[in-house]
Amino acid sequence: MITDVDIKALADIVSTENVSTRAADLDAHAIDESWFEPHPADVIVWPSTTEQVSAIVRYAYDHNLPVVPWSGGSSLEGNPVPVKGGILLAMYRMKSIIELREEDLQVVVQPGIIYDDLNAQLGKRGLLFPPAPGSSDVATIGGMVSNNSSGMRAVKYGVTRNYVLKLKVVLADGSVITTGSNAKKSASGYDLLGLFVGSEGTLGVVTEVTLRLIGLPEKMAAVVASFESLRDATGVVYDSISGGLDPSAIEILDTATMAVTNKQQGLALHETPTLFVEFHGNEMDINEQLEYLREICEDHACIEFEQATTTDARIKLWVARKEARESIKNTHPGCTMISGDVCVPMSKFADMVDFVHDLAEREGLTIYAFGHAGDGNLHTEAIVRRDVDGEYDLAVTATAAIVNHSLDLGGTATGEHGVGLGKRQFMQREHGASLALMHAIKHTLDPKGIMNPGKIFPEA
């Protein structure tokens with residue numbers, strides 16, 4: 001438990017107005033966008049510098065207090081929920097661009113800066129940080145680094161890890177390290193940079209991030225293509241990638257997701273399996289790719305092929321995919337959404353979607369399926385009515401079955417949302433003996449177990 005003495009010590013570090021035990025503040029930071037029960041911290045602290053974070057964590061280490069970094073709160077696996085109480089570090093006020101190095105295509109930022117806000121500033125200089133999480137209007141760079149986020153553009157540009165050059169990290173004892181360099185590549189020592197990316201705040205607190213950037217594409221185009229069957233749609237995905245097309249995104253929505261998206265967004269798209277494809281490049285290259293994609297779609301019995309190359313038309317065409325999860329949420333007010341996030345080899349993607357549909361029908365559940373078809377990343381949303389006896393437990397069991405089927409197919413329990421609370425139970429099956437090495441690394445860097453405790457590893 002946090003004592004008055006602890007509160008005063010923390011206030012001495014960051015000032016009284018940046019420490020709170022108010023119920024409203026504790027409740028606001030007790031949950032993310034996941035389906036897990038809220039759990040409040042004992043105190044919220046808003047740091048503004050690396051030195052303050054270091055002092056807070058050092059105090060926590062000396063007094064055996066849990067420390068949980070909390071950023072945008074948009075995660076879907078309970079990643080920042082402070083299940084052991086303690087100190088919640090609200091990092092979102094550390095949101096500055098520290099340095100933009102245009103000549104190196106690099107930017108140095110604090111972790112609280114929001115993805116969309118960063119790219120709005122970069123776009124003025126013709127630059128882009130390309131990984132695109134679905135919650136780009138609230139997702140912070142610190143959260144993206146902690147969960148190794150990706151999103152719709154991963155098929156072309158990769159994931160957050162591919163763009164992190166350097167990190168400043170506060171370790172569990174309050175010491176500060178810098179890992180990585182400003183060079184584009186390095187063969188120097190162990191890959192500590194890669195270790196911290198995706199560690200979900202369990203090894204340290206990221207306070208500064210150096211990101212690699214790309215030039216803003218000259219032109220963008222979008223396509224929406226509808227099909228009679230799921231197999232036709234996924235066949236296009238395989239033929240497109242294997243045939244040399246280079247989409248920046250290739251997404252799929254199943255029939256049920258298309259129906260709720262039409263309703264919620266006021267659209268009139270076909271309510272059948274639908275692909276959303278985006279291309280980046282110069283005009284000649286994009287036009288060639290659009291024509292090639294049209295031919296592939298026609299070979300797979302495409303019902304309708306609609307393309308857009310102007311900004312307004314492209315944004316309008318893409319809204320169904322971008323707002324898919326919100327459309328599902330708004331269609332089922334008062335219900336709980338139990339999210340899934342598996343990733344399988346591309347050749348198994350259609351099998352994975354079929355499994356989800358068959359499972360939903362067999363169990364009498366509503367489960368939506370959509371996701372990043374180009375890299376085999378499938379999202380599911382099981383809809384739960386808490387007032388229906390047994391439905392919650394049934395949906396949790398069904399979501400576990402989806403994860404286990406992904407592992408059966410050579411996939412992973414989580415493609416981009418991280419482990420958090422939701423996927424801990426699958427870590428032993430997925431990683432086997434190597435999970436013990438992860439435990440050893442955790443113990444070496446966090447011997448007292450104060451850093452975001454209760455996450456990633458199965459419950460003892």
# chains A, B, ... in the order shown; residues from 1 in each chain; ligands from 1

$ residues_around --residues "segment 116-126 of chain A" --least-positions-apart "3" --cutoff "12 Å" --atoms "only C-alpha atoms" --output "short mmCIF file (atom, residue, chain, number, x, y, z; two decimals) with N, CA, C and O atoms, in the first residue's frame"
data_model
loop_
_atom_site.label_atom_id
_atom_site.label_comp_id
_atom_site.auth_asym_id
_atom_site.auth_seq_id
_atom_site.Cartn_x
_atom_site.Cartn_y
_atom_site.Cartn_z
N LYS A 95 5.37 14.67 -24.40
CA LYS A 95 4.90 14.51 -25.78
C LYS A 95 5.60 15.44 -26.77
O LYS A 95 5.03 15.79 -27.81
N SER A 96 6.82 15.80 -26.49
CA SER A 96 7.53 16.74 -27.35
C SER A 96 8.32 16.04 -28.45
O SER A 96 8.76 14.90 -28.29
N ILE A 97 8.49 16.74 -29.57
CA ILE A 97 9.50 16.37 -30.55
C ILE A 97 10.80 17.02 -30.09
O ILE A 97 10.91 18.24 -30.06
N ILE A 98 11.75 16.20 -29.69
CA ILE A 98 12.99 16.73 -29.14
C ILE A 98 13.90 17.25 -30.25
O ILE A 98 14.50 18.32 -30.13
N GLU A 99 13.98 16.49 -31.34
CA GLU A 99 14.86 16.90 -32.44
C GLU A 99 14.40 16.22 -33.73
O GLU A 99 14.11 15.02 -33.73
N LEU A 100 14.34 16.99 -34.80
CA LEU A 100 14.06 16.44 -36.13
C LEU A 100 15.32 16.57 -36.97
O LEU A 100 15.80 17.68 -37.20
N ARG A 101 15.86 15.44 -37.40
CA ARG A 101 17.07 15.44 -38.22
C ARG A 101 16.67 15.05 -39.65
O ARG A 101 16.74 13.87 -40.02
N GLU A 102 16.26 16.04 -40.40
CA GLU A 102 15.74 15.77 -41.75
C GLU A 102 16.78 15.10 -42.64
O GLU A 102 16.46 14.20 -43.43
N GLU A 103 18.03 15.54 -42.53
CA GLU A 103 19.06 15.03 -43.42
C GLU A 103 19.36 13.55 -43.15
O GLU A 103 19.88 12.84 -44.02
N LEU A 105 16.81 11.53 -41.97
CA LEU A 105 15.48 10.88 -41.93
C LEU A 105 15.24 10.26 -40.55
O LEU A 105 14.86 9.11 -40.41
N GLN A 106 15.43 11.09 -39.50
CA GLN A 106 15.25 10.64 -38.12
C GLN A 106 14.54 11.70 -37.30
O GLN A 106 14.65 12.90 -37.58
N VAL A 107 13.82 11.25 -36.29
CA VAL A 107 13.20 12.16 -35.34
C VAL A 107 13.37 11.57 -33.94
O VAL A 107 13.29 10.35 -33.75
N VAL A 108 13.64 12.45 -32.97
CA VAL A 108 13.75 12.05 -31.57
C VAL A 108 12.55 12.61 -30.84
O VAL A 108 12.28 13.82 -30.89
N VAL A 109 11.80 11.73 -30.15
CA VAL A 109 10.55 12.15 -29.51
C VAL A 109 10.46 11.62 -28.10
O VAL A 109 11.10 10.64 -27.73
N GLN A 110 9.62 12.28 -27.31
CA GLN A 110 9.22 11.73 -26.03
C GLN A 110 8.11 10.70 -26.25
O GLN A 110 7.42 10.73 -27.28
N PRO A 111 7.90 9.79 -25.30
CA PRO A 111 7.00 8.67 -25.56
C PRO A 111 5.53 9.01 -25.61
O PRO A 111 4.73 8.24 -26.15
N GLY A 112 5.13 10.17 -25.05
CA GLY A 112 3.71 10.49 -24.99
C GLY A 112 3.12 11.11 -26.23
O GLY A 112 1.90 11.31 -26.31
N ILE A 113 3.94 11.38 -27.24
CA ILE A 113 3.41 12.01 -28.45
C ILE A 113 2.51 11.04 -29.21
O ILE A 113 2.82 9.85 -29.34
N PHE A 129 6.33 8.60 -40.51
CA PHE A 129 6.59 7.42 -39.69
C PHE A 129 5.48 6.43 -40.04
O PHE A 129 4.34 6.61 -39.66
N PRO A 130 5.79 5.35 -40.80
CA PRO A 130 4.74 4.61 -41.49
C PRO A 130 3.90 3.61 -40.70
O PRO A 130 2.75 3.39 -41.08
N PRO A 131 4.37 2.94 -39.65
CA PRO A 131 3.47 2.00 -38.99
C PRO A 131 2.16 2.70 -38.59
O PRO A 131 2.20 3.81 -38.06
N ALA A 132 1.03 2.05 -38.86
CA ALA A 132 -0.25 2.73 -38.71
C ALA A 132 -1.20 1.94 -37.82
O ALA A 132 -1.99 1.14 -38.32
N PRO A 133 -1.16 2.13 -36.50
CA PRO A 133 -2.09 1.42 -35.63
C PRO A 133 -3.53 1.88 -35.88
O PRO A 133 -3.77 3.02 -36.30
N GLY A 134 -4.47 0.99 -35.60
CA GLY A 134 -5.87 1.33 -35.85
C GLY A 134 -6.32 2.52 -35.03
O GLY A 134 -7.14 3.33 -35.49
N SER A 135 -5.80 2.67 -33.82
CA SER A 135 -6.18 3.78 -32.94
C SER A 135 -5.16 4.91 -33.07
O SER A 135 -4.67 5.44 -32.07
N SER A 136 -4.86 5.30 -34.30
CA SER A 136 -3.77 6.25 -34.55
C SER A 136 -4.01 7.63 -33.95
O SER A 136 -3.08 8.40 -33.76
N ASP A 137 -5.27 7.95 -33.64
CA ASP A 137 -5.58 9.26 -33.08
C ASP A 137 -5.35 9.33 -31.57
O ASP A 137 -5.38 10.41 -30.98
N VAL A 138 -5.12 8.18 -30.94
CA VAL A 138 -4.84 8.17 -29.50
C VAL A 138 -3.58 7.38 -29.16
O VAL A 138 -3.02 7.55 -28.07
N ALA A 139 -3.14 6.50 -30.05
CA ALA A 139 -1.96 5.67 -29.77
C ALA A 139 -0.72 6.55 -29.68
O ALA A 139 -0.47 7.40 -30.54
N THR A 140 0.08 6.34 -28.64
CA THR A 140 1.30 7.11 -28.47
C THR A 140 2.50 6.31 -28.96
O THR A 140 2.46 5.07 -29.05
N ILE A 141 3.58 7.02 -29.24
CA ILE A 141 4.80 6.34 -29.70
C ILE A 141 5.34 5.43 -28.60
O ILE A 141 5.80 4.31 -28.87
N LEU A 211 13.44 7.57 -33.97
CA LEU A 211 12.75 6.81 -35.00
C LEU A 211 13.35 7.07 -36.38
O LEU A 211 13.75 8.20 -36.69
N ARG A 212 13.39 6.03 -37.18
CA ARG A 212 13.73 6.16 -38.60
C ARG A 212 12.48 6.57 -39.37
O ARG A 212 11.39 6.06 -39.10
N LEU A 213 12.63 7.46 -40.33
CA LEU A 213 11.50 7.95 -41.11
C LEU A 213 11.68 7.61 -42.59
O LEU A 213 12.76 7.18 -43.01
N ILE A 214 10.62 7.78 -43.35
CA ILE A 214 10.70 7.67 -44.80
C ILE A 214 10.14 8.94 -45.42
O ILE A 214 9.49 9.74 -44.74
N GLY A 215 10.40 9.13 -46.71
CA GLY A 215 9.80 10.25 -47.40
C GLY A 215 8.31 10.01 -47.63
O GLY A 215 7.88 8.88 -47.88
N LEU A 216 7.54 11.06 -47.53
CA LEU A 216 6.10 10.96 -47.76
C LEU A 216 5.86 10.53 -49.21
O LEU A 216 6.42 11.10 -50.14
N PRO A 217 5.06 9.48 -49.42
CA PRO A 217 4.83 9.02 -50.79
C PRO A 217 4.26 10.12 -51.68
O PRO A 217 3.47 10.96 -51.23
N GLU A 218 4.69 10.11 -52.94
CA GLU A 218 4.21 11.11 -53.90
C GLU A 218 2.71 11.00 -54.09
O GLU A 218 2.00 12.01 -54.21
#

$ residues_around --residues "Val260 of chain A" --least-positions-apart "6" --cutoff "8 Å" --atoms "only C-alpha atoms" --output "NGL selection string"
:A and (327-328 or 331)

$ atom_distance --atom1 "atom CA of Gly86 of chain A" --atom2 "atom CA of Thr16 of chain A"
17.5 Å

$ residues_around --residues "Leu193 of chain A" --least-positions-apart "5" --cutoff "9 Å" --atoms "only C-alpha atoms" --output "list in words"
Arg161, Val164, Leu165, Lys166, Leu167, Thr178, Thr179 and Gly180 of chain A

$ closest_residue --among "A:His357, A:Ala183, A:Ser20, A:Leu293" --to "Gly243 of chain A" --atoms "only C-alpha atoms"
A:Leu293

$ residues_around --residues "Glu295 of chain A" --least-positions-apart "5" --cutoff "12 Å" --atoms "only C-alpha atoms" --output "list in words"
Ala225, Val236, Asp239, Ser240, Gly243, Leu245, Glu288, Gln289, Leu290, His300, Ala301, Cys302 and Phe305 of chain A

$ write_last_selection --atoms "C-alpha atoms" --output "tab-separated table (two decimals), in the first residue's frame"
chain	number	residue	atom	x	y	z
A	225	ALA	CA	-13.02	-5.04	-53.97
A	236	VAL	CA	-6.42	-12.37	-54.39
A	239	ASP	CA	-1.77	-13.90	-55.93
A	240	SER	CA	-1.11	-10.20	-55.35
A	243	GLY	CA	2.80	-11.88	-58.21
A	245	LEU	CA	2.43	-6.31	-56.26
A	288	GLU	CA	0.24	-0.12	-63.23
A	289	GLN	CA	-0.40	-1.78	-59.89
A	290	LEU	CA	-4.07	-0.82	-59.93
A	300	HIS	CA	-11.27	-14.42	-58.60
A	301	ALA	CA	-14.88	-13.54	-59.46
A	302	CYS	CA	-14.81	-10.01	-58.09
A	305	PHE	CA	-13.89	-3.09	-57.97

$ select_by_dssp --residues "segment 105-220 of chain A" --states "alpha helix (DSSP H)" --output "PyMOL selection string"
chain A and resi 115-123+141-147+154-157+192-196

$ residues_around --residues "Glu430 of chain A" --least-positions-apart "5" --cutoff "10 Å" --atoms "only C-alpha atoms" --output "MDAnalysis selection string"
chainID A and resid 404 407:408 410:413 425 435

$ write_last_selection --atoms "all heavy atoms" --output "short mmCIF file (atom, residue, chain, number, x, y, z; two decimals), in the first residue's frame"
data_model
loop_
_atom_site.label_atom_id
_atom_site.label_comp_id
_atom_site.auth_asym_id
_atom_site.auth_seq_id
_atom_site.Cartn_x
_atom_site.Cartn_y
_atom_site.Cartn_z
N ASN A 404 -5.47 -21.11 -29.88
CA ASN A 404 -4.86 -22.44 -29.97
C ASN A 404 -4.86 -22.96 -31.41
O ASN A 404 -3.91 -23.63 -31.82
CB ASN A 404 -5.60 -23.42 -29.05
CG ASN A 404 -5.12 -23.33 -27.62
OD1 ASN A 404 -3.93 -23.28 -27.35
ND2 ASN A 404 -6.06 -23.27 -26.68
N LEU A 407 -1.95 -21.41 -33.16
CA LEU A 407 -0.72 -22.11 -32.81
C LEU A 407 -0.63 -23.45 -33.53
O LEU A 407 0.46 -23.85 -33.97
CB LEU A 407 -0.63 -22.30 -31.30
CG LEU A 407 -0.56 -21.00 -30.47
CD1 LEU A 407 -0.58 -21.33 -28.97
CD2 LEU A 407 0.68 -20.19 -30.82
N ASP A 408 -1.77 -24.13 -33.69
CA ASP A 408 -1.78 -25.38 -34.45
C ASP A 408 -1.31 -25.17 -35.89
O ASP A 408 -0.69 -26.06 -36.49
CB ASP A 408 -3.19 -25.98 -34.49
CG ASP A 408 -3.65 -26.52 -33.14
OD1 ASP A 408 -2.79 -26.75 -32.27
OD2 ASP A 408 -4.87 -26.67 -32.95
N GLY A 410 0.87 -23.07 -36.90
CA GLY A 410 2.21 -22.50 -36.96
C GLY A 410 2.24 -21.00 -36.76
O GLY A 410 3.22 -20.34 -37.11
N GLY A 411 1.17 -20.46 -36.19
CA GLY A 411 1.07 -19.02 -35.98
C GLY A 411 1.45 -18.61 -34.57
O GLY A 411 2.15 -19.32 -33.85
N THR A 412 0.96 -17.44 -34.18
CA THR A 412 1.30 -16.86 -32.88
C THR A 412 0.03 -16.42 -32.16
O THR A 412 -1.01 -16.20 -32.79
CB THR A 412 2.26 -15.67 -33.04
OG1 THR A 412 2.54 -15.10 -31.75
CG2 THR A 412 1.66 -14.59 -33.93
N ALA A 413 0.13 -16.28 -30.84
CA ALA A 413 -1.02 -15.87 -30.03
C ALA A 413 -1.37 -14.41 -30.23
O ALA A 413 -2.51 -14.00 -29.99
CB ALA A 413 -0.74 -16.13 -28.55
N GLN A 425 -1.65 -17.03 -20.82
CA GLN A 425 -1.87 -18.47 -20.69
C GLN A 425 -1.31 -19.28 -21.86
O GLN A 425 -1.16 -20.49 -21.76
CB GLN A 425 -3.37 -18.75 -20.55
CG GLN A 425 -4.17 -18.31 -21.76
CD GLN A 425 -5.65 -18.61 -21.62
OE1 GLN A 425 -6.03 -19.76 -21.38
NE2 GLN A 425 -6.48 -17.59 -21.75
N LEU A 435 10.73 -19.86 -22.81
CA LEU A 435 10.06 -19.00 -21.84
C LEU A 435 10.88 -18.86 -20.56
O LEU A 435 10.88 -17.80 -19.93
CB LEU A 435 8.66 -19.54 -21.52
CG LEU A 435 7.78 -18.65 -20.63
CD1 LEU A 435 7.52 -17.30 -21.31
CD2 LEU A 435 6.46 -19.34 -20.30
#

$ closest_residue --among "A:Val224, A:Ala23, A:Tyr292, A:Tyr157" --to "Ala308 of chain A" --atoms "only C-alpha atoms"
A:Val224
